[in-house]
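Notes follow the structure.
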Amino acid sequence: MRAGASITRLSVMKGKTRMSTSQKPARPVSAPDGVSRGATAQSGSISMCPVGFFPGLGSRAAYRQLERNLFDSDVRDVRQVFSEGAEALGFDPERLVLQEANIPDDRIERQAFLGAALLVHGIALHRYLVDAARRSGAEIRFAAFTGESFGIITAAVAAGALSVADGTKIAHALAPFILVGAEGVTSSSPLQARVAETLAAVGVTQPLVAQPAHVVALTGHPDVVNRVLVAIGDAYDVSDVELHKTYAANQANVYVRSGVRESFGFFMRNFPDITVKELKEPTSFMAHAARMAPVREAFARMMDSEGILFRDAHTSLICNHANRIVRQAADVRDAVLSIIDCVMESRWTADNCEHVGGNVVIELGQGGKSVQLLVDNGLTLPAIAYAGGQKDTDALVAAATLLQEVGGIAARDAEGAVSLQEGDLAVLRQMFGVPACYPLVKEFLVREFTRLIAGFQLASRKSIPRPLRRFLEIYQHTSAARDDLDLAGGELALQVQAKKTVVGDSHTLGRVTTEIKVLKPDGSVTDRCSAGRWTPEALVFYFSRLDGVPVLDLIRSARRMAEHHEQVATLYGTFASVLSLDVGAETAGREPIGVMSPQAVATLQILHQLSMLLLLRVERPAIFMSHDYYHAGGDLLGWCVALCAADALDVEDAVALYANHLRGVTASDANPTDGIGDILGRLREAASPLVSVTGVPLAAAKDIATATRHLFEQPAFDARRRYLRLNGDVQIVCLGSDPDQETFDTAPYGSAVTIVATPEEIAQRSHSASLEALEHGCVSSLTDDNQRVLHFARGRKILSSTVFSYIKLGERVLGFGKGGSESMTMFVTAEDHHAA
């Protein structure tokens with residue numbers, strides 16, 4: 001058997017590596033067929049741009065007793081789909097409605113009917129949604145189409161590569177060809193006779209499937225699954241066990257002939273790390289099986305004889321059998337035929353949904369199985385199951401309409417305007433009202449609004465017209481103060497300031513209160529104060545030893561990160577001569593962990609945490625733009641990571657420093673001529689402060705060198721409680737590590753901890769609610785006033801909340817004086833907030 005997921009070796013680049021606070025984003029990896037990987041709408045453009053995903057025959061159980069809503073629709077395009085599909089088969093249109101009375105009794109005829117009816121229903125559903133949006137004055141323009149197995153035929157029709165009539169003919173014939181090819185003729189059905197005649201023309205006169213096959217899922221770590229597939233190929237003939245589908249990186253589905261199912265169960269006991277699960281009853285319907293190649297040839301002849309015409313698609317088609325995104329007619333035809341005899345590469349299908357310019361995936365059909373497949377493959381885009389219900393239709397149309405209105409505001413020429421235009425406030429209220437009313441689209445809309453704001457605020461702040469800037473800021477302020485507003489009643493926040501109390505008694509001194517200027521629906525403006533809302537004043541990135549993480553997991557994670565991010569590949573490439581990231585030599589029960597030295601293991605831990613920080617910068621830059629941030633280590637290894645993260649030391653020197661510690665060389669033995677002395681001499685000023693063992697920030701090279709020498713002279717540092725004395729409430733972000741709840745001491749201020757356990761949580765949205773909340777809060781803080789104050793506060797080594805204590809609600813910061821470190825001259829102007 002040919003393994004469906006081959007082992008990929010790490011490709012690295014060598015060179016000196018420094019961790020900088022101004023790293024450039026990683027260059028996108030090229031996607032197949034010239035489609036740019038990670039393509040998304042440009043900053044400022046915003047619309048609903050879905051990838052349409054059609055379910056396969058495995059979802060047919062969800063279509064039983066389907067309502068007639070689509071068939072009875074008054075939408076001309078929808079009714080035309082039923083008419084064209086029925087005419088192609090010589091049916092009355094109503095016979096294609098998926099209801100019990102229309103389903104034939106003969107098993108092969110029944111499968112043919114279901115295929116045709118599913119395709120017609122999927123295309124009708126797509127056209128119904130597009131028409132519903134059009135009727136509301138909005139547009140839903142699909143970026144690409146795809147499907148799971150059979151669903152690729154429906155996708156080809158939706159993409160314009162097949163007519164409805166030709167698609168219906170293919171869908172009607174597919175299951176009969178596979179079943180008759182597998183089992184032979186089992187009844188006197190005329191359909192079976194015609195199929196058997198076509199199969200005989202290519203030499204298929206005997207059943208291709210001797211016994212029904214079990215469909216078995218093998219689930220485990222991707223590298224172990226790969227190893228198991230290779231072992232299966234060595235132990236079994238393809239007629240006994242055959243790869244059917246690479247469902248995800250960690251799951252492969254195989255066909256197991258009934259006669260060898262028991263022996264296969266015993267064989268899999270050699271792999272205790274793999275979960276073996278039966279997915280369905282034994283079947284002769286063996287699509288995506290190499291043994292069905294003769295059926296493919298016969299099916300292709302049938303398409304030619306029927307005059308079925310493929311043409312170039314008007315919309316991209318994501319293949320289900322290969323890592324390809326296509327439009328050419330010949331390629332689409334190959335994608336359809338591949339349902340019969342090619343392994344179904346669902347992992348590639350899911351991955352390529354990310355790289356066609358879409359911002360959401362919509363499953364167009366019943367059952368939700370496609371959404372589950374995408375979730376299981378770690379899709380970073382929101383995925384929505386749409387079956388045509390009225391509330392779900394309303395939700396998608398409302399989202400499309402709202403995005404169009406927001407996009408219109410973002411794109412319009414506002415030169416010379418001084419305030420928001422009529423209707424803009426109503427759109428702002430809808431930006432909170434629609435997600436609240438329709439949970440189906442909440443994640444999608446919040447993600448799009450966040451992307452829009454981050455795109456403007458991070459890339460083109462100076463060029464934003466004032467009305468648009470005001471529009472974005474009101475959304476940001478309202479998001480930040482949402483818990484203190486009556487959003488359902490139409491309240492908006494015109495200004496939000498987190499202020500530190502600088503005068504008062506011991507109970508209130510130093511505490512943060514949030515002042516909010518509230519715009520009510522009647523146009524009146526009022527001030528509101530909130531003392532109980534969590535508002536972090538500083539961020540701390542925390543690193544420590546990863547005692548609970550297996551070395552093999554670190555190696556695998558390194559390979560996956562390096563495959564997709566050039567900066568990570570460069571980082572690991574620096575140590576290519578001393579680290580082996582190849583796990584290809586693994587065999588059952590024997591892994592290459594024992595040969596790694598303690599120094600190599602420590603190096604992997606340091607690089608792993610630095611790589612996660614790199615990914616966080618690339619994937620979620622707003623986190624580093626909105627607050628003062630610091631780096632802290634919970635032990636000696638964590639301190640070495642923090643030195644690199646703060647750009648106070650090169651990675652090679654940090655690794656060498658910790659390696660010397662493991663070898664027993666102490667800093668007290670160091671002098672300017674030995675290794676440790678040289679390393680300490682190369683420490684430099686930090687680009688962002690480190691937090692010392694006593695909890696205070698350090699930035700000067702001399703102070704960092706003194707603290708580093710002191711820490712490496714006192715190994716008890718590992719056991720100490722971690723003090724963070726930053727004069728404010730602290731948001732702690734732990735990258736890779738999971739410290740005890742009582743690790744941090746921020747007294748007398750509060751703290752909150754976000755654990756980012758894996759790189760996947762950074763790249764894949766919605767995998768970490770805590771990280772999502774942190775990023776959303778940071779984006780909400782990226783206003784002009786906050787940025788000016790943050791820049792000034794960093795120069796004076798104070799927190800933004802302290803500066804805001806001297807700015808009244810209703811004032812806008814124009815700038816600051818250039819006096820000495822103890823002066824704080826501010827230039828402010830009063831805003832007419834009644835005009836928004």
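Ligands are numbered from 1 in the order shown, residues from 1 within each chain, and chains are lettered A, B, ... in the order they appear in the structure tokens.
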
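Every protein or nucleic acid residue with an atom no more than 10 Å from A:Arg663, counting only C-alpha atoms and leaving out same-chain residues fewer than 5 positions away, appears here: Pro598, Gln599 and Tyr658 of chain A.
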
Write to file, as an mmCIF file, in the first residue's frame, the residues of the selection just made, with N, CA and C atoms.
```cif
data_model
loop_
_atom_site.group_PDB
_atom_site.id
_atom_site.type_symbol
_atom_site.label_atom_id
_atom_site.label_comp_id
_atom_site.auth_asym_id
_atom_site.auth_seq_id
_atom_site.Cartn_x
_atom_site.Cartn_y
_atom_site.Cartn_z
ATOM 1 N N PRO A 598 21.269 15.964 27.090
ATOM 2 C CA PRO A 598 20.485 16.978 27.817
ATOM 3 C C PRO A 598 20.588 18.346 27.154
ATOM 4 N N GLN A 599 21.760 18.657 26.610
ATOM 5 C CA GLN A 599 21.934 19.953 25.955
ATOM 6 C C GLN A 599 21.046 20.061 24.715
ATOM 7 N N TYR A 658 23.050 28.089 28.491
ATOM 8 C CA TYR A 658 22.349 27.062 29.258
ATOM 9 C C TYR A 658 23.059 25.720 29.179
#
```

### Task
Run DSSP on the backbone of this structure and report the residues of stretch 515-760 of chain A it assigns to strand (DSSP E or B), as a ChimeraX atom specification.
/A:515-519,525-530,538-543,587,590,628-633,690-691,697-698,722-723,730-735,744-745,751-756

### Selection: 10 Å around stretch 247-250 of chain A, only C-alpha atoms, excl. self and same-chain fewer than 5 positions, as a PyMOL selection string
chain A and resi 4-5+217-226+274+344-351+373-378

When you look at A:Glu537 with a cut-off of 9 Å (counting only C-alpha atoms), what residues show up, excluding the ones that are within fewer than 5 positions of it in the same chain? I need them as an mmCIF file with N, CA, C and O atoms, in the first residue's frame.
```cif
data_model
loop_
_atom_site.group_PDB
_atom_site.id
_atom_site.type_symbol
_atom_site.label_atom_id
_atom_site.label_comp_id
_atom_site.auth_asym_id
_atom_site.auth_seq_id
_atom_site.Cartn_x
_atom_site.Cartn_y
_atom_site.Cartn_z
ATOM 1 N N ALA A 498 -8.946 53.828 30.253
ATOM 2 C CA ALA A 498 -8.590 53.102 31.469
ATOM 3 C C ALA A 498 -7.608 53.966 32.252
ATOM 4 O O ALA A 498 -6.488 54.205 31.806
ATOM 5 N N VAL A 512 -7.344 50.713 38.688
ATOM 6 C CA VAL A 512 -7.773 51.224 37.392
ATOM 7 C C VAL A 512 -9.290 51.301 37.347
ATOM 8 O O VAL A 512 -9.989 50.368 37.744
ATOM 9 N N HIS A 627 -0.196 47.190 24.044
ATOM 10 C CA HIS A 627 0.155 47.332 25.453
ATOM 11 C C HIS A 627 1.667 47.350 25.630
ATOM 12 O O HIS A 627 2.409 46.903 24.745
ATOM 13 N N ASP A 628 2.099 47.833 26.763
ATOM 14 C CA ASP A 628 3.481 47.571 27.176
ATOM 15 C C ASP A 628 3.625 46.071 27.384
ATOM 16 O O ASP A 628 2.740 45.425 27.963
ATOM 17 N N LEU A 726 5.004 45.298 38.282
ATOM 18 C CA LEU A 726 4.950 46.206 37.139
ATOM 19 C C LEU A 726 4.010 47.378 37.378
ATOM 20 O O LEU A 726 3.667 48.101 36.452
ATOM 21 N N ASN A 727 3.577 47.542 38.609
ATOM 22 C CA ASN A 727 2.780 48.699 39.020
ATOM 23 C C ASN A 727 1.409 48.735 38.335
ATOM 24 O O ASN A 727 0.834 49.798 38.134
ATOM 25 N N GLY A 728 0.906 47.557 38.000
ATOM 26 C CA GLY A 728 -0.411 47.521 37.380
ATOM 27 C C GLY A 728 -0.899 46.099 37.189
ATOM 28 O O GLY A 728 -0.173 45.122 37.428
ATOM 29 N N ASP A 729 -2.134 45.965 36.751
ATOM 30 C CA ASP A 729 -2.702 44.652 36.479
ATOM 31 C C ASP A 729 -2.021 44.028 35.263
ATOM 32 O O ASP A 729 -1.782 44.698 34.251
ATOM 33 N N VAL A 730 -1.741 42.732 35.352
ATOM 34 C CA VAL A 730 -0.877 42.074 34.375
ATOM 35 C C VAL A 730 -1.618 40.932 33.686
ATOM 36 O O VAL A 730 -2.239 40.092 34.344
ATOM 37 N N GLN A 731 -1.533 40.900 32.357
ATOM 38 C CA GLN A 731 -1.981 39.764 31.555
ATOM 39 C C GLN A 731 -0.745 38.935 31.215
ATOM 40 O O GLN A 731 0.178 39.421 30.572
ATOM 41 N N LEU A 799 3.175 53.459 32.807
ATOM 42 C CA LEU A 799 2.092 52.766 32.125
ATOM 43 C C LEU A 799 1.130 53.756 31.488
ATOM 44 O O LEU A 799 0.954 54.881 31.975
ATOM 45 N N SER A 800 0.488 53.324 30.418
ATOM 46 C CA SER A 800 -0.473 54.185 29.729
ATOM 47 C C SER A 800 -1.595 54.624 30.658
ATOM 48 O O SER A 800 -2.093 55.754 30.564
ATOM 49 N N SER A 801 -2.001 53.737 31.553
ATOM 50 C CA SER A 801 -3.090 54.074 32.464
ATOM 51 C C SER A 801 -2.729 55.256 33.352
ATOM 52 O O SER A 801 -3.608 56.030 33.757
#
```

### Task
Would you list the contacts of A:Gly633 as JSON, numbers by chain, taking every protein, DNA or RNA residue within 8 Å and counting only C-alpha atoms, but skipping same-chain residues closer than 6 positions in sequence?
{"A": [542, 543, 544, 639, 640, 641, 642, 691]}

Output for the residues just chosen: all heavy atoms as a PDB file, in the first residue's frame:
```pdb
ATOM      1  N   TYR A 542       5.753  34.688  29.255  1.00  0.00           N
ATOM      2  CA  TYR A 542       6.432  33.877  30.274  1.00  0.00           C
ATOM      3  C   TYR A 542       6.938  32.580  29.664  1.00  0.00           C
ATOM      4  O   TYR A 542       6.237  31.913  28.887  1.00  0.00           O
ATOM      5  CB  TYR A 542       5.448  33.583  31.405  1.00  0.00           C
ATOM      6  CG  TYR A 542       5.959  32.623  32.459  1.00  0.00           C
ATOM      7  CD1 TYR A 542       6.757  33.070  33.502  1.00  0.00           C
ATOM      8  CD2 TYR A 542       5.623  31.271  32.409  1.00  0.00           C
ATOM      9  CE1 TYR A 542       7.224  32.195  34.469  1.00  0.00           C
ATOM     10  CE2 TYR A 542       6.085  30.389  33.371  1.00  0.00           C
ATOM     11  CZ  TYR A 542       6.887  30.852  34.398  1.00  0.00           C
ATOM     12  OH  TYR A 542       7.343  29.992  35.353  1.00  0.00           O
ATOM     13  N   PHE A 543       8.169  32.212  30.021  1.00  0.00           N
ATOM     14  CA  PHE A 543       8.805  31.002  29.501  1.00  0.00           C
ATOM     15  C   PHE A 543       9.392  30.192  30.655  1.00  0.00           C
ATOM     16  O   PHE A 543       9.815  30.753  31.666  1.00  0.00           O
ATOM     17  CB  PHE A 543       9.924  31.363  28.521  1.00  0.00           C
ATOM     18  CG  PHE A 543       9.534  32.397  27.505  1.00  0.00           C
ATOM     19  CD1 PHE A 543       9.850  33.737  27.688  1.00  0.00           C
ATOM     20  CD2 PHE A 543       8.834  32.043  26.363  1.00  0.00           C
ATOM     21  CE1 PHE A 543       9.494  34.701  26.762  1.00  0.00           C
ATOM     22  CE2 PHE A 543       8.460  33.000  25.426  1.00  0.00           C
ATOM     23  CZ  PHE A 543       8.787  34.333  25.628  1.00  0.00           C
ATOM     24  N   SER A 544       9.442  28.870  30.471  1.00  0.00           N
ATOM     25  CA  SER A 544      10.054  28.014  31.486  1.00  0.00           C
ATOM     26  C   SER A 544      10.356  26.652  30.872  1.00  0.00           C
ATOM     27  O   SER A 544      10.016  26.388  29.707  1.00  0.00           O
ATOM     28  CB  SER A 544       9.121  27.851  32.698  1.00  0.00           C
ATOM     29  OG  SER A 544       7.951  27.133  32.325  1.00  0.00           O
ATOM     30  N   TRP A 639      14.692  31.937  31.453  1.00  0.00           N
ATOM     31  CA  TRP A 639      15.417  33.207  31.391  1.00  0.00           C
ATOM     32  C   TRP A 639      16.208  33.313  30.086  1.00  0.00           C
ATOM     33  O   TRP A 639      16.255  34.367  29.458  1.00  0.00           O
ATOM     34  CB  TRP A 639      16.339  33.351  32.588  1.00  0.00           C
ATOM     35  CG  TRP A 639      17.100  34.656  32.605  1.00  0.00           C
ATOM     36  CD1 TRP A 639      18.399  34.852  32.248  1.00  0.00           C
ATOM     37  CD2 TRP A 639      16.600  35.938  32.993  1.00  0.00           C
ATOM     38  NE1 TRP A 639      18.750  36.170  32.381  1.00  0.00           N
ATOM     39  CE2 TRP A 639      17.655  36.873  32.839  1.00  0.00           C
ATOM     40  CE3 TRP A 639      15.366  36.387  33.442  1.00  0.00           C
ATOM     41  CZ2 TRP A 639      17.513  38.223  33.130  1.00  0.00           C
ATOM     42  CZ3 TRP A 639      15.218  37.734  33.735  1.00  0.00           C
ATOM     43  CH2 TRP A 639      16.279  38.636  33.573  1.00  0.00           C
ATOM     44  N   CYS A 640      16.798  32.204  29.648  1.00  0.00           N
ATOM     45  CA  CYS A 640      17.526  32.206  28.376  1.00  0.00           C
ATOM     46  C   CYS A 640      16.587  32.499  27.214  1.00  0.00           C
ATOM     47  O   CYS A 640      16.937  33.236  26.282  1.00  0.00           O
ATOM     48  CB  CYS A 640      18.232  30.864  28.173  1.00  0.00           C
ATOM     49  SG  CYS A 640      19.639  30.606  29.275  1.00  0.00           S
ATOM     50  N   VAL A 641      15.392  31.922  27.246  1.00  0.00           N
ATOM     51  CA  VAL A 641      14.408  32.216  26.213  1.00  0.00           C
ATOM     52  C   VAL A 641      14.029  33.696  26.258  1.00  0.00           C
ATOM     53  O   VAL A 641      13.940  34.361  25.216  1.00  0.00           O
ATOM     54  CB  VAL A 641      13.149  31.342  26.381  1.00  0.00           C
ATOM     55  CG1 VAL A 641      12.114  31.685  25.307  1.00  0.00           C
ATOM     56  CG2 VAL A 641      13.497  29.865  26.314  1.00  0.00           C
ATOM     57  N   ALA A 642      13.817  34.220  27.458  1.00  0.00           N
ATOM     58  CA  ALA A 642      13.433  35.618  27.607  1.00  0.00           C
ATOM     59  C   ALA A 642      14.517  36.553  27.082  1.00  0.00           C
ATOM     60  O   ALA A 642      14.216  37.587  26.476  1.00  0.00           O
ATOM     61  CB  ALA A 642      13.117  35.919  29.074  1.00  0.00           C
ATOM     62  N   VAL A 691      11.781  40.978  32.978  1.00  0.00           N
ATOM     63  CA  VAL A 691      11.392  41.130  34.376  1.00  0.00           C
ATOM     64  C   VAL A 691      12.383  40.358  35.225  1.00  0.00           C
ATOM     65  O   VAL A 691      12.562  39.143  35.047  1.00  0.00           O
ATOM     66  CB  VAL A 691       9.961  40.615  34.621  1.00  0.00           C
ATOM     67  CG1 VAL A 691       9.571  40.836  36.081  1.00  0.00           C
ATOM     68  CG2 VAL A 691       8.975  41.311  33.694  1.00  0.00           C
TER      69      VAL A 691
END
```

### Task
Can you pull out every residue within 9 Å of A:Arg470, counting only C-alpha atoms, but drop anything in the same chain fewer than 5 positions away, and send it as a ChimeraX atom specification?
/A:419-420,465,475,494,836

Polymer residues at most 10 Å from A:Arg482, only C-alpha atoms, same-chain spacing of 5 or more positions, as a PDB file with C-alpha atoms, in the first residue's frame:
```pdb
ATOM      1  CA  PHE A 432     -23.190  44.427  17.376  1.00  0.00           C
ATOM      2  CA  GLN A 476     -13.311  49.548  19.023  1.00  0.00           C
ATOM      3  CA  HIS A 477     -14.482  51.549  22.033  1.00  0.00           C
ATOM      4  CA  LEU A 487     -25.949  47.014  23.179  1.00  0.00           C
ATOM      5  CA  GLU A 491     -25.901  52.253  23.117  1.00  0.00           C
ATOM      6  CA  LEU A 492     -22.437  52.923  21.646  1.00  0.00           C
ATOM      7  CA  ALA A 493     -19.184  54.004  23.291  1.00  0.00           C
TER       8      ALA A 493
END
```

### Task
Rank nothing, just name the residue among A:Tyr749, A:Phe271, A:Phe792, A:Phe266 nearest to A:Arg511, using only C-alpha atoms.
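Distance minimum relative to A:Arg511 lands on A:Tyr749.
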
Give one line per residue of stretch 283-369 of chain A that approaches stretch 127-148 of chain A to at most 7 Å, naming the two atoms of the closest pair and their distance in Å to one decimal, counting only C-alpha atoms; sort by chain then ascending residue number and deliver it as a Markdown table.
```
| residue | atom | partner | partner_atom | distance |
| --- | --- | --- | --- | --- |
| A:Thr315 | CA | A:Ala144 | CA | 5.6 |
| A:Ser316 | CA | A:Ala144 | CA | 4.7 |
| A:Leu317 | CA | A:Phe145 | CA | 5.1 |
| A:Ile318 | CA | A:Thr146 | CA | 5.0 |
| A:Cys319 | CA | A:Thr146 | CA | 6.7 |
| A:Asn320 | CA | A:Glu148 | CA | 6.7 |
| A:Val356 | CA | A:Ala143 | CA | 6.4 |
| A:Gly357 | CA | A:Ala143 | CA | 6.1 |
| A:Gly358 | CA | A:Ala143 | CA | 5.3 |
```
